[in-house]
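Structure, as structure tokens:
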Amino acid sequence: MSAELELPFRLDGQLTEVMRLRVQSLQQRSQKRQEGERLLRPDEAVYRLDFPKQSLSFSRWTVRLAQPGRLTVTATSQLWTPDLTHLMTRQLLEPVGVFWRAAGDASEQRAQYYEADAAEFGERIAELAKVRKVMYFLFAFADGCSPETVDCSITFVDV
């Protein structure tokens with residue numbers, strides 16, 4: 001019998017800070033980013049997803065936004081270590097997950113999203129989970145959304 005496994009996305013504050021320091025360092029020295037380098041924007045943070053098992057099949061997203069806003073989740077394709085390499089644009093996966101809550105939506109309602117894109121995104125994550133124990137994601141917050149107002153997890157079926 002297959003069991004469901006809900007995995008929460010966790011803010012990686014240390015990695016987010018390292019990426020912010022990279023941006024600050026470039027600005028202070030009036031330098032430009034490396035060709036193809038992806039710098040962290042002020043409205044973004046790095047989250048991680050830890051996989052206790054590798055044989056998973058995507059089931060569903062659970063995204064709750066405490067207030068109206070928009071959350072965009074972008075996965076990175078490689079085991080990325082900021083102390084050794086910079087995040088490069090080519091490491092960002094498509095599709096991205098876009099979740100939102102409009103003004104007037106019920107407070108307990110889950111965020112809305114484009115179902116086909118979210119399903120493809122979840123399946124891609126499940127595929128990558130077969131070869132890694134952790135994945136990193138960029139969460140972009142917009143329209144009133146912030147890390148404090150987001151609860152995001154992904155559910156897989158253990159196969």
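Ordered as shown in the structure tokens, chains take letters A, B, and onward, while each chain numbers its residues from 1 and ligands are numbered from 1 in the order shown.
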What's around stretch 88-104 of chain A at 6 Å? Count only C-alpha atoms, leave out sequence neighbours fewer than 5 positions away in its own chain, and write the answer as a list in words.
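Neighbouring residues, sequence-local ones excluded: Gly36, Glu37, Arg38, Pro68, Gly69, Arg70, Leu71, Thr72, Val73, Thr74, Ala75, Thr76, Ser77, Ala111, Gln112, Tyr113, Ala118 and Phe121 of chain A.
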Residues of the last selection are to be written out with N, CA, C and O atoms, as a JSON list (two decimals), in the first residue's frame.
[["chain", "number", "residue", "atom", "x", "y", "z"],
["A", 36, "GLY", "N", 25.36, 35.24, -17.06],
["A", 36, "GLY", "CA", 24.44, 34.14, -16.77],
["A", 36, "GLY", "C", 24.13, 33.96, -15.29],
["A", 36, "GLY", "O", 23.32, 33.12, -14.93],
["A", 37, "GLU", "N", 24.77, 34.76, -14.44],
["A", 37, "GLU", "CA", 24.52, 34.63, -13.00],
["A", 37, "GLU", "C", 23.15, 35.17, -12.64],
["A", 37, "GLU", "O", 22.70, 36.19, -13.16],
["A", 38, "ARG", "N", 22.47, 34.49, -11.75],
["A", 38, "ARG", "CA", 21.14, 34.89, -11.29],
["A", 38, "ARG", "C", 21.27, 35.43, -9.87],
["A", 38, "ARG", "O", 21.56, 34.68, -8.94],
["A", 68, "PRO", "N", -4.19, 38.25, 0.69],
["A", 68, "PRO", "CA", -4.06, 38.30, -0.77],
["A", 68, "PRO", "C", -2.60, 38.54, -1.18],
["A", 68, "PRO", "O", -1.87, 39.26, -0.50],
["A", 69, "GLY", "N", -2.21, 37.90, -2.25],
["A", 69, "GLY", "CA", -0.86, 38.05, -2.74],
["A", 69, "GLY", "C", -0.54, 37.00, -3.79],
["A", 69, "GLY", "O", -1.40, 36.21, -4.19],
["A", 70, "ARG", "N", 0.72, 37.00, -4.21],
["A", 70, "ARG", "CA", 1.16, 36.10, -5.27],
["A", 70, "ARG", "C", 2.51, 35.50, -4.88],
["A", 70, "ARG", "O", 3.41, 36.21, -4.45],
["A", 71, "LEU", "N", 2.62, 34.19, -5.05],
["A", 71, "LEU", "CA", 3.85, 33.47, -4.77],
["A", 71, "LEU", "C", 4.29, 32.73, -6.03],
["A", 71, "LEU", "O", 3.50, 32.02, -6.64],
["A", 72, "THR", "N", 5.55, 32.94, -6.42],
["A", 72, "THR", "CA", 6.11, 32.21, -7.55],
["A", 72, "THR", "C", 7.25, 31.35, -7.02],
["A", 72, "THR", "O", 8.16, 31.84, -6.37],
["A", 73, "VAL", "N", 7.17, 30.04, -7.30],
["A", 73, "VAL", "CA", 8.16, 29.08, -6.84],
["A", 73, "VAL", "C", 8.95, 28.59, -8.05],
["A", 73, "VAL", "O", 8.38, 28.07, -9.00],
["A", 74, "THR", "N", 10.27, 28.77, -8.01],
["A", 74, "THR", "CA", 11.15, 28.33, -9.10],
["A", 74, "THR", "C", 12.16, 27.35, -8.52],
["A", 74, "THR", "O", 12.82, 27.64, -7.52],
["A", 75, "ALA", "N", 12.29, 26.19, -9.14],
["A", 75, "ALA", "CA", 13.24, 25.18, -8.67],
["A", 75, "ALA", "C", 14.59, 25.37, -9.34],
["A", 75, "ALA", "O", 14.69, 25.90, -10.44],
["A", 76, "THR", "N", 15.63, 24.95, -8.64],
["A", 76, "THR", "CA", 16.96, 24.92, -9.24],
["A", 76, "THR", "C", 17.28, 23.48, -9.60],
["A", 76, "THR", "O", 16.88, 22.55, -8.90],
["A", 77, "SER", "N", 18.00, 23.29, -10.68],
["A", 77, "SER", "CA", 18.22, 21.96, -11.22],
["A", 77, "SER", "C", 19.41, 21.23, -10.62],
["A", 77, "SER", "O", 19.55, 20.04, -10.80],
["A", 111, "ALA", "N", -4.58, 28.60, -1.91],
["A", 111, "ALA", "CA", -4.24, 29.49, -3.02],
["A", 111, "ALA", "C", -4.70, 28.88, -4.34],
["A", 111, "ALA", "O", -4.79, 27.67, -4.50],
["A", 112, "GLN", "N", -4.98, 29.74, -5.28],
["A", 112, "GLN", "CA", -5.32, 29.30, -6.64],
["A", 112, "GLN", "C", -4.03, 29.13, -7.43],
["A", 112, "GLN", "O", -3.00, 29.71, -7.09],
["A", 113, "TYR", "N", -4.09, 28.31, -8.48],
["A", 113, "TYR", "CA", -2.90, 28.09, -9.31],
["A", 113, "TYR", "C", -3.32, 27.50, -10.65],
["A", 113, "TYR", "O", -4.45, 27.07, -10.82],
["A", 118, "ALA", "N", 1.31, 23.44, -12.39],
["A", 118, "ALA", "CA", 1.65, 22.97, -11.05],
["A", 118, "ALA", "C", 1.86, 21.46, -11.04],
["A", 118, "ALA", "O", 2.77, 20.95, -10.37],
["A", 121, "PHE", "N", 5.16, 20.73, -12.75],
["A", 121, "PHE", "CA", 6.22, 21.16, -11.85],
["A", 121, "PHE", "C", 6.42, 20.12, -10.74],
["A", 121, "PHE", "O", 7.54, 19.71, -10.44]]
Excluding stretch 127-142 of chain A and residues on its chain fewer than 2 positions from it, collect all residues at most 8 Å away from it, counting only C-alpha atoms, and give them as a PyMOL selection string.
chain A and resi 43-56+69-80+123-125+144-147
Using only C-alpha atoms, can you tell me which of A:Leu40, A:Ala106, A:Leu26, A:Ile154 comes closest to A:Val63?
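Counting only C-alpha atoms, the residue closest to A:Val63 is A:Ile154.
Distances to A:Glu148 were evaluated for A:Leu65, A:Met19, A:Leu7, A:Arg33 using only C-alpha atoms, and the minimum falls at A:Leu65.
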Where does DSSP see alpha helix (DSSP H) in stretch 41-132 of chain A, if you list the residues as a PyMOL selection string?
chain A and resi 115-129
Choose the residue, out of A:Leu87, A:Asp105, A:Ala126, A:Thr149, that has the smallest atom-to-atom separation from A:Val18; count only C-alpha atoms.
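Answer, going by the shortest atom-to-atom distance: A:Leu87.
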Give the answer as one residue: which of A:Arg60, A:Val157, A:Lys32, A:Cys152 has the shortest atom-to-atom distance to A:Ala119, using only C-alpha atoms?
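Answer, going by the shortest atom-to-atom distance: A:Arg60.
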Just the strand (DSSP E) stuff from stretch 32-139 of chain A, please, per backbone DSSP, written as a compact mmCIF listing (two decimals) with C-alpha atoms, in the first residue's frame.
# COMPACT_ATOMS: atom_id res chain seq x y z
CA GLU A 44 12.91 36.60 -3.06
CA ALA A 45 14.12 34.04 -0.55
CA VAL A 46 15.72 30.60 -0.80
CA TYR A 47 13.75 27.61 0.41
CA ARG A 48 14.74 23.98 0.59
CA LEU A 49 12.91 20.69 0.33
CA ASP A 50 14.43 17.64 1.99
CA LEU A 56 8.18 9.35 -4.91
CA SER A 57 5.28 10.18 -7.17
CA PHE A 58 3.74 13.68 -7.15
CA SER A 59 0.27 13.94 -5.60
CA ARG A 60 -0.62 17.58 -4.85
CA TRP A 61 0.42 21.03 -3.72
CA THR A 62 -0.80 22.62 -0.49
CA VAL A 63 -0.29 26.38 -0.54
CA ARG A 64 -2.01 28.68 1.89
CA LEU A 65 -1.65 32.44 1.73
CA GLY A 69 -0.86 38.05 -2.74
CA ARG A 70 1.16 36.10 -5.27
CA LEU A 71 3.85 33.47 -4.77
CA THR A 72 6.11 32.21 -7.55
CA VAL A 73 8.16 29.08 -6.84
CA THR A 74 11.15 28.33 -9.10
CA ALA A 75 13.24 25.18 -8.67
CA GLY A 97 4.66 27.27 -9.76
CA VAL A 98 2.50 30.38 -9.56
CA PHE A 99 0.06 30.57 -6.64
CA TRP A 100 -2.18 33.49 -5.71
CA ARG A 101 -5.00 34.65 -3.54
CA GLN A 112 -5.32 29.30 -6.64
CA TYR A 113 -2.90 28.09 -9.31
CA VAL A 134 17.61 18.04 -1.05
CA MET A 135 16.45 20.62 -3.59
CA TYR A 136 16.61 24.40 -3.47
CA PHE A 137 13.89 26.80 -4.63
CA LEU A 138 13.52 30.54 -5.13
CA PHE A 139 10.30 31.87 -3.65
In Å, rounded to a single decimal, give me how far atom CA of A:Phe156 is from atom CA of A:Leu5.
5.2 Å
